[in-house]
Amino acid sequence: MNDMFGYIIGIFGFLFGILVFTYDNLEYKGYSSAHNCSGDCYIKYVEEYGTSVEIEQRKNEIAKTDEFSSIRGLWSGCAACHGQDGQGMGAFPKLAGQTSDYISNRLYAYKNREQIGAMSSTMWAQAGMLSDQDIKLISKFIEEGIN
Ligand code: HEC
């Protein structure tokens with residue numbers, strides 16, 4: 001849950017960064033990155049978002065503490081079938097609640113084109129593109145990282 005929250009803040013910070021950056025390029029008004037927002041408006045802005053330095057630091061902290069940052073993109077592919085929280089959908093089995101050993105055993109089995117259920121061929125392609133490191137991390141993520 002905490003991870004998720006940090007993740008959302010991270011995305012928000014990132015989008016905000018883009019916004020500020022784009023705005024700066026559209027309408028460059030000298031040094032201040034808070035442009036025509038000054039006085040009370042600027043104080044409110046800083047209260048809400050922190051200074052741009054604080055925003056940067058927050059982003060760096062999140063990247064450092066999120067050991068799963070490198071496989072979140074990969075997981076969104078898995079989640080298209082297995083559900084955002086690995087809860088399973090229709091014919092796609094639930095992954096949440098499984099141990100990392102169980103998940104990695106299955107992934108290696110699919111990688112070796114073994115038949116497990118009726119739809120194993122769907123997973124052959126998915127597992128085929130995973131490196132050992134991917135399998136290790138995504139299995140750990142499924143055990144610890146999703147709810
Ligand atoms: C196109 C849909 C699809 C995608 C994308 C997909 N899967 Fe699957 N997955 C399936 C299906 C269907 C099965 C059941 C296969 C069978 O019958 O053996 C399955 C089975 C599994 C199993 C075995 C579950 C069990 O209890 O036996 C694991 C583990 C798994 N998938 C992990 C992943 C991971 C990790 C990813 C992302 C890298 C992923 N899957 C991406 C459709 C998908």
# chains A, B, ... in the order shown; residues from 1 in each chain; ligands from 1
>>> residues_near_ligand(ligand="ligand 1", cutoff="6 Å", atoms="only C-alpha atoms and all ligand atoms", output="number ranges by chain")
A: 75, 77-78, 80-81, 91-93, 103, 106-107, 116-120, 122-123, 126
>>> write_last_selection(atoms="C-alpha atoms", output="PDB file, in the first residue's frame")
ATOM      1  CA  TRP A  75       4.173  -6.240 -14.917  1.00  0.00           C
ATOM      2  CA  GLY A  77       1.866  -6.436 -19.582  1.00  0.00           C
ATOM      3  CA  CYS A  78       1.179  -9.392 -17.264  1.00  0.00           C
ATOM      4  CA  ALA A  80      -3.400  -7.004 -18.888  1.00  0.00           C
ATOM      5  CA  CYS A  81      -4.343 -10.686 -18.509  1.00  0.00           C
ATOM      6  CA  ALA A  91      -9.527 -17.830 -17.927  1.00  0.00           C
ATOM      7  CA  PHE A  92      -6.437 -16.030 -16.626  1.00  0.00           C
ATOM      8  CA  PRO A  93      -5.328 -17.511 -13.318  1.00  0.00           C
ATOM      9  CA  ILE A 103       5.710 -18.298  -9.750  1.00  0.00           C
ATOM     10  CA  ARG A 106       5.835 -21.963 -13.458  1.00  0.00           C
ATOM     11  CA  LEU A 107       7.640 -19.321 -15.529  1.00  0.00           C
ATOM     12  CA  ILE A 116       0.518 -27.126 -17.556  1.00  0.00           C
ATOM     13  CA  GLY A 117      -3.045 -26.031 -18.197  1.00  0.00           C
ATOM     14  CA  ALA A 118      -5.053 -25.980 -21.422  1.00  0.00           C
ATOM     15  CA  MET A 119      -3.773 -22.519 -22.330  1.00  0.00           C
ATOM     16  CA  SER A 120      -0.072 -22.930 -21.618  1.00  0.00           C
ATOM     17  CA  THR A 122      -0.313 -18.368 -24.277  1.00  0.00           C
ATOM     18  CA  MET A 123       2.330 -18.241 -21.569  1.00  0.00           C
ATOM     19  CA  GLN A 126       5.264 -14.448 -22.375  1.00  0.00           C
TER      20      GLN A 126
END
>>> atom_distance(atom1="CA of Tyr7 in chain A", atom2="CA of Thr65 in chain A")
10.6 Å
>>> closest_residue(among="A:Cys37, A:Leu74, A:Met89, A:Ile62", to="Ile135 in chain A", atoms="only C-alpha atoms")
A:Leu74
>>> atom_distance(atom1="CA of Thr51 in chain A", atom2="CA of Gly73 in chain A")
28.9 Å
>>> residues_around(residues="Ile146 in chain A", least_positions_apart="5", cutoff="12 Å", atoms="only C-alpha atoms", output="NGL selection string")
:A and (1-4 or 68 or 72 or 75-76 or 79 or 82-87 or 94-100 or 138-141)
>>> atom_distance(atom1="CA of Asn112 in chain A", atom2="CA of Ser70 in chain A")
24.3 Å
>>> select_by_dssp(residues="range 44-133 of chain A", states="alpha helix (DSSP H)", output="PyMOL selection string")
chain A and resi 44-49+52-65+72-82+100-111+120-128+132-133
>>> decode(residues="range 67-85 of chain A", atoms="N, CA and C atoms", output="PDB file, in the first residue's frame")
ATOM      1  N   GLU A  67      12.587  -1.219  -5.246  1.00  0.00           N
ATOM      2  CA  GLU A  67      13.420  -2.249  -5.876  1.00  0.00           C
ATOM      3  C   GLU A  67      12.730  -2.853  -7.097  1.00  0.00           C
ATOM      4  N   PHE A  68      11.436  -2.605  -7.241  1.00  0.00           N
ATOM      5  CA  PHE A  68      10.695  -3.192  -8.353  1.00  0.00           C
ATOM      6  C   PHE A  68      10.530  -2.219  -9.524  1.00  0.00           C
ATOM      7  N   SER A  69      11.172  -1.056  -9.442  1.00  0.00           N
ATOM      8  CA  SER A  69      10.921  -0.039 -10.478  1.00  0.00           C
ATOM      9  C   SER A  69      11.221  -0.574 -11.883  1.00  0.00           C
ATOM     10  N   SER A  70      12.232  -1.471 -11.983  1.00  0.00           N
ATOM     11  CA  SER A  70      12.624  -1.936 -13.311  1.00  0.00           C
ATOM     12  C   SER A  70      11.625  -2.914 -13.926  1.00  0.00           C
ATOM     13  N   ILE A  71      10.776  -3.542 -13.116  1.00  0.00           N
ATOM     14  CA  ILE A  71       9.849  -4.521 -13.719  1.00  0.00           C
ATOM     15  C   ILE A  71       8.383  -4.072 -13.659  1.00  0.00           C
ATOM     16  N   ARG A  72       8.140  -2.853 -13.225  1.00  0.00           N
ATOM     17  CA  ARG A  72       6.745  -2.392 -13.188  1.00  0.00           C
ATOM     18  C   ARG A  72       6.156  -2.293 -14.597  1.00  0.00           C
ATOM     19  N   GLY A  73       7.013  -1.898 -15.551  1.00  0.00           N
ATOM     20  CA  GLY A  73       6.550  -1.828 -16.938  1.00  0.00           C
ATOM     21  C   GLY A  73       6.199  -3.215 -17.455  1.00  0.00           C
ATOM     22  N   LEU A  74       7.063  -4.167 -17.155  1.00  0.00           N
ATOM     23  CA  LEU A  74       6.827  -5.557 -17.545  1.00  0.00           C
ATOM     24  C   LEU A  74       5.531  -6.070 -16.909  1.00  0.00           C
ATOM     25  N   TRP A  75       5.353  -5.762 -15.632  1.00  0.00           N
ATOM     26  CA  TRP A  75       4.173  -6.240 -14.917  1.00  0.00           C
ATOM     27  C   TRP A  75       2.882  -5.714 -15.555  1.00  0.00           C
ATOM     28  N   SER A  76       2.905  -4.501 -16.089  1.00  0.00           N
ATOM     29  CA  SER A  76       1.668  -3.979 -16.664  1.00  0.00           C
ATOM     30  C   SER A  76       1.237  -4.845 -17.847  1.00  0.00           C
ATOM     31  N   GLY A  77       2.205  -5.476 -18.530  1.00  0.00           N
ATOM     32  CA  GLY A  77       1.866  -6.436 -19.582  1.00  0.00           C
ATOM     33  C   GLY A  77       1.192  -7.665 -18.997  1.00  0.00           C
ATOM     34  N   CYS A  78       1.759  -8.215 -17.927  1.00  0.00           N
ATOM     35  CA  CYS A  78       1.179  -9.392 -17.264  1.00  0.00           C
ATOM     36  C   CYS A  78      -0.223  -9.049 -16.746  1.00  0.00           C
ATOM     37  N   ALA A  79      -0.321  -7.824 -16.214  1.00  0.00           N
ATOM     38  CA  ALA A  79      -1.571  -7.404 -15.568  1.00  0.00           C
ATOM     39  C   ALA A  79      -2.712  -7.291 -16.579  1.00  0.00           C
ATOM     40  N   ALA A  80      -2.372  -7.084 -17.855  1.00  0.00           N
ATOM     41  CA  ALA A  80      -3.400  -7.004 -18.888  1.00  0.00           C
ATOM     42  C   ALA A  80      -4.224  -8.287 -18.893  1.00  0.00           C
ATOM     43  N   CYS A  81      -3.605  -9.422 -18.581  1.00  0.00           N
ATOM     44  CA  CYS A  81      -4.343 -10.686 -18.509  1.00  0.00           C
ATOM     45  C   CYS A  81      -4.660 -11.085 -17.068  1.00  0.00           C
ATOM     46  N   HIS A  82      -3.682 -10.959 -16.192  1.00  0.00           N
ATOM     47  CA  HIS A  82      -3.844 -11.487 -14.828  1.00  0.00           C
ATOM     48  C   HIS A  82      -4.477 -10.503 -13.862  1.00  0.00           C
ATOM     49  N   GLY A  83      -4.743  -9.281 -14.330  1.00  0.00           N
ATOM     50  CA  GLY A  83      -5.360  -8.281 -13.457  1.00  0.00           C
ATOM     51  C   GLY A  83      -4.324  -7.410 -12.781  1.00  0.00           C
ATOM     52  N   GLN A  84      -4.699  -6.166 -12.545  1.00  0.00           N
ATOM     53  CA  GLN A  84      -3.785  -5.165 -11.977  1.00  0.00           C
ATOM     54  C   GLN A  84      -3.177  -5.639 -10.659  1.00  0.00           C
ATOM     55  N   ASP A  85      -3.958  -6.306  -9.833  1.00  0.00           N
ATOM     56  CA  ASP A  85      -3.459  -6.794  -8.554  1.00  0.00           C
ATOM     57  C   ASP A  85      -3.198  -8.291  -8.589  1.00  0.00           C
TER      58      ASP A  85
END
